[in-house]
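Peer 1: Pasting data05.cif below, which is mmCIF, C-alpha atoms.
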data_run
loop_
_atom_site.group_PDB
_atom_site.id
_atom_site.type_symbol
_atom_site.label_atom_id
_atom_site.label_comp_id
_atom_site.auth_asym_id
_atom_site.auth_seq_id
_atom_site.Cartn_x
_atom_site.Cartn_y
_atom_site.Cartn_z
ATOM 1 C CA ALA G 50 -1.325 -9.723 12.198
ATOM 2 C CA ALA G 51 0.911 -12.770 11.773
ATOM 3 C CA ASP G 52 -1.062 -13.875 8.705
ATOM 4 C CA LEU G 53 -0.772 -10.417 7.133
ATOM 5 C CA ALA G 54 2.967 -10.432 7.840
ATOM 6 C CA ARG G 55 3.291 -13.791 6.075
ATOM 7 C CA PHE G 56 1.202 -12.530 3.175
ATOM 8 C CA GLY G 57 3.385 -9.407 2.912
ATOM 9 C CA ALA G 58 6.511 -11.589 2.902
ATOM 10 C CA GLU G 59 4.991 -13.718 0.123
ATOM 11 C CA LEU G 60 4.292 -10.598 -1.923
ATOM 12 C CA LEU G 61 7.928 -9.519 -1.525
ATOM 13 C CA ALA G 62 9.436 -12.895 -2.430
ATOM 14 C CA PRO G 63 6.771 -15.187 -3.887
ATOM 15 C CA ARG G 64 7.141 -18.902 -3.348
ATOM 16 C CA LEU G 65 3.474 -19.892 -3.566
ATOM 17 C CA LEU G 66 2.122 -17.188 -5.872
ATOM 18 C CA ALA G 67 2.990 -17.387 -9.545
ATOM 19 C CA ARG G 68 5.194 -14.445 -10.577
ATOM 20 C CA GLU G 69 2.725 -13.698 -13.401
ATOM 21 C CA THR G 70 -0.121 -13.381 -10.897
ATOM 22 C CA LEU G 71 1.845 -11.003 -8.705
ATOM 23 C CA ASP G 72 2.946 -8.967 -11.714
ATOM 24 C CA ALA G 73 -0.673 -8.620 -12.880
ATOM 25 C CA ALA G 74 -1.809 -7.629 -9.395
ATOM 26 C CA THR G 75 0.861 -4.946 -9.061
ATOM 27 C CA SER G 76 0.909 -3.505 -12.592
ATOM 28 C CA VAL G 77 -1.330 -0.642 -13.648
ATOM 29 C CA VAL G 78 -4.382 -2.149 -15.312
ATOM 30 C CA PHE G 79 -6.056 0.990 -16.714
ATOM 31 C CA PRO G 80 -3.403 3.695 -16.973
ATOM 32 C CA GLY G 81 -4.394 7.325 -16.634
ATOM 33 C CA LEU G 82 -7.818 6.853 -15.036
ATOM 34 C CA SER G 83 -8.857 9.401 -12.458
ATOM 35 C CA GLY G 84 -10.550 8.331 -9.266
ATOM 36 C CA VAL G 85 -11.110 8.956 -5.602
ATOM 37 C CA LEU G 86 -8.643 7.703 -3.025
ATOM 38 C CA PRO G 87 -10.786 7.535 0.132
ATOM 39 C CA GLY G 88 -9.774 10.218 2.591
ATOM 40 C CA TYR G 89 -7.442 11.866 0.091
ATOM 41 C CA GLY G 90 -9.859 12.984 -2.602
ATOM 42 C CA ASN G 91 -9.505 12.935 -6.360
ATOM 43 C CA GLN G 92 -6.291 11.524 -7.747
ATOM 44 C CA LYS G 93 -5.180 11.752 -11.361
ATOM 45 C CA PRO G 94 -4.152 9.152 -12.148
ATOM 46 C CA ASN G 95 -5.555 6.795 -9.513
ATOM 47 C CA ASP G 96 -3.632 3.671 -10.497
ATOM 48 C CA TRP G 97 -4.718 0.192 -9.459
ATOM 49 C CA GLY G 98 -3.497 -3.262 -10.323
ATOM 50 C CA LEU G 99 -5.737 -6.312 -10.097
ATOM 51 C CA GLY G 100 -6.656 -5.909 -6.426
ATOM 52 C CA PHE G 101 -3.927 -3.613 -5.136
ATOM 53 C CA GLU G 102 -3.797 0.154 -5.171
ATOM 54 C CA ILE G 103 -0.466 1.304 -6.617
ATOM 55 C CA ARG G 104 1.172 4.344 -5.055
ATOM 56 C CA ASP G 105 2.850 5.602 -8.222
ATOM 57 C CA GLY G 106 3.168 9.419 -7.965
ATOM 58 C CA LYS G 107 0.057 10.102 -5.896
ATOM 59 C CA ALA G 108 0.389 12.856 -3.329
ATOM 60 C CA PRO G 109 -0.747 13.037 -0.677
ATOM 61 C CA HIS G 110 -0.882 9.313 -0.079
ATOM 62 C CA TRP G 111 -1.725 7.038 2.833
ATOM 63 C CA THR G 112 1.678 5.297 2.627
ATOM 64 C CA GLY G 113 3.588 8.508 3.247
ATOM 65 C CA ALA G 114 6.132 10.534 1.334
ATOM 66 C CA GLY G 115 8.994 8.035 1.710
ATOM 67 C CA SER G 116 7.370 5.125 -0.098
ATOM 68 C CA SER G 117 8.609 4.282 -3.565
ATOM 69 C CA PRO G 118 6.273 4.648 -6.562
ATOM 70 C CA ARG G 119 6.274 0.822 -6.793
ATOM 71 C CA THR G 120 4.602 0.534 -3.377
ATOM 72 C CA PHE G 121 1.272 -1.271 -3.498
ATOM 73 C CA GLY G 122 -1.296 -2.228 -0.935
ATOM 74 C CA HIS G 123 -4.790 -1.888 0.349
ATOM 75 C CA PHE G 124 -6.637 -0.433 3.296
ATOM 76 C CA GLY G 125 -10.139 -0.827 4.550
ATOM 77 C CA GLN G 126 -12.878 0.856 6.485
ATOM 78 C CA ALA G 127 -11.855 -1.039 9.629
ATOM 79 C CA GLY G 128 -8.659 1.019 9.895
ATOM 80 C CA THR G 129 -6.431 -1.825 8.744
ATOM 81 C CA PHE G 130 -3.775 -1.655 6.042
ATOM 82 C CA LEU G 131 -1.090 -3.653 4.280
ATOM 83 C CA TRP G 132 1.525 -2.086 2.050
ATOM 84 C CA VAL G 133 4.494 -3.606 0.259
ATOM 85 C CA ASP G 134 7.419 -1.508 -0.964
ATOM 86 C CA PRO G 135 9.542 -3.691 -3.266
ATOM 87 C CA ASP G 136 12.264 -1.027 -3.520
ATOM 88 C CA ALA G 137 12.656 -0.969 0.284
ATOM 89 C CA GLY G 138 12.287 -4.758 0.509
ATOM 90 C CA ALA G 139 9.633 -4.238 3.174
ATOM 91 C CA ALA G 140 6.010 -4.901 3.927
ATOM 92 C CA CYS G 141 3.977 -3.381 6.737
ATOM 93 C CA ALA G 142 0.595 -4.280 8.177
ATOM 94 C CA ALA G 143 -1.441 -2.510 10.822
ATOM 95 C CA LEU G 144 -4.653 -3.696 12.409
ATOM 96 C CA ALA G 145 -7.180 -1.460 14.132
ATOM 97 C CA ASP G 146 -10.622 -1.699 15.615
ATOM 98 C CA ARG G 147 -11.434 1.896 14.777
ATOM 99 C CA ALA G 148 -13.168 2.845 11.547
ATOM 100 C CA PHE G 149 -11.044 4.574 8.922
ATOM 101 C CA GLY G 150 -11.248 8.333 9.209
ATOM 102 C CA PRO G 151 -9.266 11.512 9.848
ATOM 103 C CA TRP G 152 -7.193 9.776 12.556
ATOM 104 C CA ALA G 153 -5.798 7.352 9.938
ATOM 105 C CA ILE G 154 -5.021 10.141 7.488
ATOM 106 C CA GLU G 155 -3.011 11.845 10.245
ATOM 107 C CA ALA G 156 -1.332 8.684 11.604
ATOM 108 C CA TRP G 157 -0.547 6.368 8.695
ATOM 109 C CA PRO G 158 1.793 8.511 6.529
ATOM 110 C CA PRO G 159 4.139 9.502 9.390
ATOM 111 C CA PHE G 160 4.053 5.935 10.700
ATOM 112 C CA THR G 161 5.067 4.582 7.290
ATOM 113 C CA ASP G 162 7.782 7.209 6.898
ATOM 114 C CA ALA G 163 9.162 6.287 10.351
ATOM 115 C CA VAL G 164 9.164 2.564 9.501
ATOM 116 C CA LEU G 165 11.036 3.206 6.259
ATOM 117 C CA ALA G 166 13.511 5.571 7.958
ATOM 118 C CA ASP G 167 14.257 2.924 10.598
ATOM 119 C CA LEU G 168 14.818 0.306 7.898
ATOM 120 C CA ARG G 169 17.165 2.602 5.985
ATOM 121 C CA ALA G 170 19.139 3.326 9.170
ATOM 122 C CA ALA G 171 19.485 -0.360 10.042
#
Reformat the file's structure so that it appears as structure tokens.
Peer 2:
Amino acid sequence: AADLARFGAELLAPRLLARETLDAATSVVFPGLSGVLPGYGNQKPNDWGLGFEIRDGKAPHWTGAGSSPRTFGHFGQAGTFLWVDPDAGAACAALADRAFGPWAIEAWPPFTDAVLADLRAA
């Protein structure tokens, strides 16, 4: 968890990563392509950068309704995620030992929305 937190902080304010690398990883590589967002079905478009899924205007989305379109991140089958919302100046990581499934679809969006609401209130 600590390593993911450090990685999220680096993605928010890069000191080790070249800005060009981060920009390439968080910019839409193939605009307009449709695809499947696991657990959420077909998305059009289903934007990805070089390694990160980009929230853009996707709905529903695993990062919740309160995340900015610039939010990017990744999640895996182990129930773990990392998202970075540059507009909120925040990154969030969650680790789990439970395979991704309906529980994550129900839990992650409200969790993200609560995190962002707390940050806005602070």
Peer 1: So, with all atoms listed in the file as the atoms that count, which of G:Phe149, G:Pro135, G:Cys141, G:Ala50 lies closest to Pro63 in chain G?
Peer 2: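 Selected residue with least distance to Pro63 in chain G: G:Pro135.
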Peer 1: Would you compute the distance between CA of Ser83 in chain G and CA of Thr129 in chain G? Give it in Å to one decimal.
Peer 2: 24.1 Å
Peer 1: Evaluate the PyMOL selection byres ((chain G and resi 79) around 9) on the structure here and hand back the selected residues as an MDAnalysis selection string.
Peer 2: chainID G and resid 77:78 80:82 96:98
Peer 1: Would you translate the PyMOL selection byres ((chain G and resi 138) around 10) into the concrete set of residues it matches in this file, as a ChimeraX atom specification?
Peer 2: /G:58,61-62,133-137,139-140,165,168
Peer 1: What is the CA of Ala142 in chain G to CA of Ala51 in chain G distance in Å?
Peer 2: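 Rounded to one decimal, the two atoms are 9.2 Å apart.
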Peer 1: Name the residues within 7 Å of (4.3, 3.5, -5.2), counting all atoms listed in the file in the file's coordinates, and put them as a VMD selection string.
Peer 2: chain G and resid 103 to 106 116 to 121
Peer 1: Between CA of Trp157 in chain G and CA of Ala143 in chain G, what is the distance in Å, rounded to a tenth?
Peer 2: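 A separation of 9.2 Å between them.
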Peer 1: Under the PyMOL selection byres ((chain G and resi 128) around 10), which residues of this model are included? Write them out as number ranges by chain.
Peer 2: G: 124-127, 129-130, 143-150, 152-153, 157
Peer 1: Give me a file of those residues, with C-alpha atoms, as an mmCIF file, in the frame of the given file.
Peer 2:
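File produced: result36.cif:
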data_model
loop_
_atom_site.group_PDB
_atom_site.id
_atom_site.type_symbol
_atom_site.label_atom_id
_atom_site.label_comp_id
_atom_site.auth_asym_id
_atom_site.auth_seq_id
_atom_site.Cartn_x
_atom_site.Cartn_y
_atom_site.Cartn_z
ATOM 1 C CA PHE G 124 -6.637 -0.433 3.296
ATOM 2 C CA GLY G 125 -10.139 -0.827 4.550
ATOM 3 C CA GLN G 126 -12.878 0.856 6.485
ATOM 4 C CA ALA G 127 -11.855 -1.039 9.629
ATOM 5 C CA THR G 129 -6.431 -1.825 8.744
ATOM 6 C CA PHE G 130 -3.775 -1.655 6.042
ATOM 7 C CA ALA G 143 -1.441 -2.510 10.822
ATOM 8 C CA LEU G 144 -4.653 -3.696 12.409
ATOM 9 C CA ALA G 145 -7.180 -1.460 14.132
ATOM 10 C CA ASP G 146 -10.622 -1.699 15.615
ATOM 11 C CA ARG G 147 -11.434 1.896 14.777
ATOM 12 C CA ALA G 148 -13.168 2.845 11.547
ATOM 13 C CA PHE G 149 -11.044 4.574 8.922
ATOM 14 C CA GLY G 150 -11.248 8.333 9.209
ATOM 15 C CA TRP G 152 -7.193 9.776 12.556
ATOM 16 C CA ALA G 153 -5.798 7.352 9.938
ATOM 17 C CA TRP G 157 -0.547 6.368 8.695
#
Peer 1: Between G:Pro94, G:Ala54, G:Phe101, G:Trp111, single out the one closest to Pro151 in chain G, counting only C-alpha atoms.
Peer 2: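 Using only C-alpha atoms, Pro151 in chain G sits closest to G:Trp111.
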Peer 1: Could you give me the axis-aligned bounding box of range 160-169 of chain G, with 5 Å of padding per side, as centre plus edge lengths in Å to one decimal, as JSON?
Peer 2:
{"center_x": 10.6, "center_y": 3.8, "center_z": 8.3, "size_x": 23.1, "size_y": 16.9, "size_z": 14.7}
Peer 1: Which of these, G:Lys93, G:Arg64, G:His110, G:Arg55, has the shortest distance to Ile154 in chain G once you count all atoms listed in the file?
Peer 2: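 Among the listed residues, the smallest separation from Ile154 in chain G belongs to G:His110.
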